[in-house]
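J.: upload32.txt (compact mmCIF, C-alpha atoms) pasted underneath:
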```
# COMPACT_ATOMS: atom_id res chain seq x y z
CA MET A 1 -12.87 6.41 -11.20
CA ALA A 2 -10.75 9.32 -10.05
CA VAL A 3 -7.67 10.43 -11.96
CA ILE A 4 -5.08 12.36 -10.01
CA THR A 5 -2.16 13.48 -12.09
CA GLU A 6 0.27 14.70 -9.47
CA VAL A 7 0.80 14.54 -5.73
CA LYS A 8 3.73 16.30 -4.09
CA ALA A 9 5.14 15.21 -0.75
CA HIS A 10 7.45 17.10 1.56
CA ALA A 11 10.62 15.41 2.82
CA GLY A 12 10.13 13.25 5.90
CA THR A 13 6.51 12.33 5.25
CA ASP A 14 5.40 8.71 5.54
CA TYR A 15 2.74 6.28 6.70
CA TRP A 16 4.73 4.04 9.00
CA ARG A 17 4.61 1.97 12.20
CA LYS A 18 7.56 0.81 14.25
CA PRO A 19 6.35 -0.70 17.51
CA PRO A 20 6.07 -0.18 20.31
CA ALA A 21 5.60 3.59 20.09
CA THR A 22 6.23 5.00 16.60
CA ASP A 23 3.26 5.71 14.35
CA ARG A 24 3.74 8.26 11.60
CA SER A 25 0.87 9.23 9.35
CA ASN A 26 1.88 12.53 7.81
CA ALA A 27 1.95 11.50 4.13
CA PRO A 28 -0.10 13.47 1.62
CA ILE A 29 -3.42 11.84 0.74
CA ALA A 30 -4.78 12.49 -2.74
CA GLN A 31 -8.22 10.95 -2.28
CA THR A 32 -10.18 9.40 0.59
CA VAL A 33 -13.17 7.06 0.32
CA ARG A 34 -14.93 5.90 3.48
CA LEU A 35 -17.09 2.78 3.49
CA PRO A 36 -17.80 -0.24 5.67
CA SER A 37 -15.21 -2.97 5.10
CA GLN A 38 -17.94 -5.41 3.98
CA GLN A 39 -18.70 -3.13 1.03
CA PHE A 40 -15.10 -2.92 -0.21
CA ARG A 41 -14.37 -5.10 -3.24
CA SER A 42 -11.24 -3.75 -4.96
CA ALA A 43 -9.15 -0.67 -5.69
CA ARG A 44 -6.50 -0.16 -8.35
CA VAL A 45 -3.82 2.52 -8.75
CA THR A 46 -1.01 3.22 -11.19
CA VAL A 47 1.97 5.10 -9.78
CA SER A 48 5.01 6.53 -11.48
CA ALA A 49 7.72 9.02 -10.60
CA ASP A 50 11.43 9.61 -10.79
CA TRP A 51 12.32 7.55 -7.71
CA THR A 52 15.72 8.82 -6.55
CA ARG A 53 15.89 9.15 -2.76
CA LEU A 54 15.89 6.46 -0.12
CA TYR A 55 12.29 5.58 0.84
CA ASP A 56 10.68 7.67 -1.94
CA GLN A 57 7.33 5.94 -2.35
CA GLY A 58 3.89 6.15 -3.86
CA GLY A 59 0.92 3.84 -4.07
CA ILE A 60 -2.35 2.97 -2.40
CA LEU A 61 -3.30 2.68 1.26
CA ILE A 62 -6.27 0.99 2.91
CA HIS A 63 -6.72 1.92 6.56
CA SER A 64 -9.09 0.64 9.23
CA PRO A 65 -9.03 3.35 11.91
CA VAL A 66 -9.40 1.28 15.10
CA THR A 67 -9.19 -2.40 15.95
CA VAL A 68 -11.25 -3.59 18.88
CA ASP A 69 -8.51 -5.67 20.53
CA GLN A 70 -5.54 -3.32 20.05
CA GLY A 71 -6.93 0.17 19.85
CA LYS A 72 -4.61 0.97 16.93
CA GLY A 73 -5.64 1.19 13.33
CA CYS A 74 -4.57 -1.51 10.93
CA TRP A 75 -3.55 -0.77 7.36
CA VAL A 76 -1.96 -2.02 4.15
CA LYS A 77 -0.01 0.13 1.71
CA ALA A 78 1.35 -1.04 -1.63
CA GLY A 79 3.16 0.57 -4.54
CA ILE A 80 6.73 1.55 -5.38
CA GLU A 81 9.41 2.33 -2.82
CA PHE A 82 13.02 3.31 -3.51
CA ALA A 83 15.43 1.20 -1.43
CA GLY A 84 18.71 -0.56 -2.11
CA GLY A 85 19.55 1.90 -4.88
CA HIS A 86 16.53 1.15 -7.09
CA PRO A 87 12.71 1.27 -7.13
CA ASN A 88 10.92 -1.82 -5.80
CA VAL A 89 7.41 -3.19 -5.57
CA ALA A 90 6.66 -2.64 -1.88
CA VAL A 91 3.91 -3.86 0.43
CA VAL A 92 3.61 -2.96 4.11
CA SER A 93 0.90 -4.26 6.41
CA ALA A 94 0.42 -3.22 10.00
CA ARG A 95 -1.73 -4.20 12.93
CA GLU A 96 0.07 -4.22 16.26
CA TRP A 97 3.30 -4.80 14.29
CA ALA A 98 4.34 -3.90 10.75
CA ASP A 99 5.71 -6.18 8.03
CA TRP A 100 7.53 -4.89 4.94
CA SER A 101 8.06 -6.71 1.65
CA LEU A 102 10.28 -5.50 -1.21
CA ASN A 103 10.72 -7.05 -4.65
CA PRO A 104 12.51 -5.56 -7.66
CA LEU A 105 10.21 -4.04 -10.29
CA PRO A 106 9.33 -6.74 -12.82
CA THR A 107 10.10 -4.43 -15.76
CA SER A 108 12.43 -1.55 -16.33
CA GLY A 109 10.85 1.80 -15.77
CA ASN A 110 9.34 3.77 -12.94
CA SER A 111 5.67 2.78 -13.10
CA ILE A 112 3.45 -0.06 -11.86
CA THR A 113 -0.22 -0.78 -11.34
CA ILE A 114 -1.33 -2.34 -8.04
CA GLU A 115 -4.73 -3.78 -7.12
CA LEU A 116 -6.02 -4.48 -3.63
CA SER A 117 -8.88 -6.97 -3.63
CA ARG A 118 -11.18 -8.32 -0.93
CA GLU A 119 -11.71 -12.04 -1.33
CA ASP A 120 -14.20 -13.87 0.86
CA GLU A 121 -12.76 -17.08 2.23
CA GLY A 122 -14.89 -19.38 4.33
CA LYS A 123 -15.84 -17.63 7.57
CA GLY A 124 -13.94 -14.41 6.84
CA ALA A 125 -12.31 -12.29 4.21
CA ALA A 126 -8.76 -11.63 3.09
CA LEU A 127 -7.14 -8.65 1.43
CA TRP A 128 -4.95 -9.66 -1.52
CA VAL A 129 -2.37 -7.43 -3.18
CA TYR A 130 -1.79 -7.94 -6.90
CA LEU A 131 0.61 -6.55 -9.44
CA VAL A 132 -1.33 -5.72 -12.63
CA GLU A 133 0.42 -6.18 -15.97
CA ASN A 134 -1.15 -5.51 -19.37
CA GLY A 135 -4.48 -4.82 -17.67
CA ARG A 136 -4.60 -8.20 -15.91
CA ARG A 137 -3.56 -9.42 -12.50
CA ALA A 138 -0.19 -11.12 -12.46
CA ASP A 139 -0.31 -14.88 -11.93
CA LEU A 140 0.71 -14.61 -8.28
CA PRO A 141 -0.19 -12.03 -5.64
CA ILE A 142 2.75 -10.08 -4.24
```
Step by step, read the file and then write its structure as structure tokens.

T.:
Amino acid sequence: MAVITEVKAHAGTDYWRKPPATDRSNAPIAQTVRLPSQQFRSARVTVSADWTRLYDQGGILIHSPVTVDQGKGCWVKAGIEFAGGHPNVAVVSAREWADWSLNPLPTSGNSITIELSREDEGKGAALWVYLVENGRRADLPI
């Protein structure tokens, strides 16, 4: 387990996709682990900060560099993102398109723990995103 105490980002950095032509991947990366997707089981991160500016964010990102059918990488990022005047639990997934989900933080404060988990389902696998509270996954994935 790696513990990283602080990551600083410059203004205008992000990991973002807005089709058809915008891909931005200039966010600071604190740690990188490379492994075949079949070997991935789960990853957990706790993020906290003084979230004050629109789109301030921090969390975890899983990226698959290239998809066979599209030629673009697919990825999921999850954590906290400041939008609508307050910090939110945020999840973004992208393949050829991106999808963004925001939910208010379940508790007051500026910190959450997120877990990404591979779960084998029949003929394939799924990536689930969980909010972790008191050391345990919340009842429902986010």

J.: Find the residues near range 83-97 of chain A: any atom within 7 Å, counting all atoms listed in the file, skip ones fewer than 6 places away on the same chain, and give them as number ranges by chain.

T.: A: 19, 51, 54-55, 70, 73-77, 103-105

J.: Could you tell me how far CA of Val132 in chain A lies from CA of Gly109 in chain A, in Å and to one decimal?

T.: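 That distance, rounded to one decimal, is 14.7 Å.
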
J.: Between CA of Asp56 in chain A and CA of Phe82 in chain A, what is the distance in Å, rounded to a tenth?

T.: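 The value is 5.2 Å.
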
J.: Tell me, as a PDB file with C-alpha atoms, keeping the file's coordinate frame, which residues lie within 8 Å of Tyr15 in chain A, counting all atoms listed in the file; anything in the same chain fewer than 4 positions away does not count.

T.:
```pdb
ATOM      1  CA  ASP A  23       3.260   5.710  14.350  1.00  0.00           C
ATOM      2  CA  ARG A  24       3.740   8.260  11.600  1.00  0.00           C
ATOM      3  CA  SER A  25       0.870   9.230   9.350  1.00  0.00           C
ATOM      4  CA  ASN A  26       1.880  12.530   7.810  1.00  0.00           C
ATOM      5  CA  ALA A  27       1.950  11.500   4.130  1.00  0.00           C
TER       6      ALA A  27
END
```

J.: In Å, how far is it from CA of Gln39 in chain A to CA of Ala125 in chain A?

T.: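 Atom-to-atom, CA of Gln39 in chain A to CA of Ala125 in chain A, that is 11.6 Å.
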
J.: Give me the residues near range 60-66 of chain A as a PyMOL selection string, where near means some atom within 12 Å (using only C-alpha atoms) and where sequence neighbours in that chain fewer than 3 positions away do not count.

T.: chain A and resi 14-16+25+27-38+40-47+57+69-81+89-96+112-118+127-130

J.: With distances taken over all atoms listed in the file, which residue among A:Thr107, A:Ser48, A:Ala98, A:Gly122 lies nearest Glu6 in chain A?

T.: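 Among A:Thr107, A:Ser48, A:Ala98, A:Gly122, it is A:Ser48 that comes nearest to Glu6 in chain A.
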
J.: Give the answer as one residue: which of A:Ala9, A:Ala126, A:Glu133, A:Ala138 has the shortest atom-to-atom distance to Gly58 in chain A, using only C-alpha atoms?

T.: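 Closest to Gly58 in chain A of all the choices is A:Ala9.
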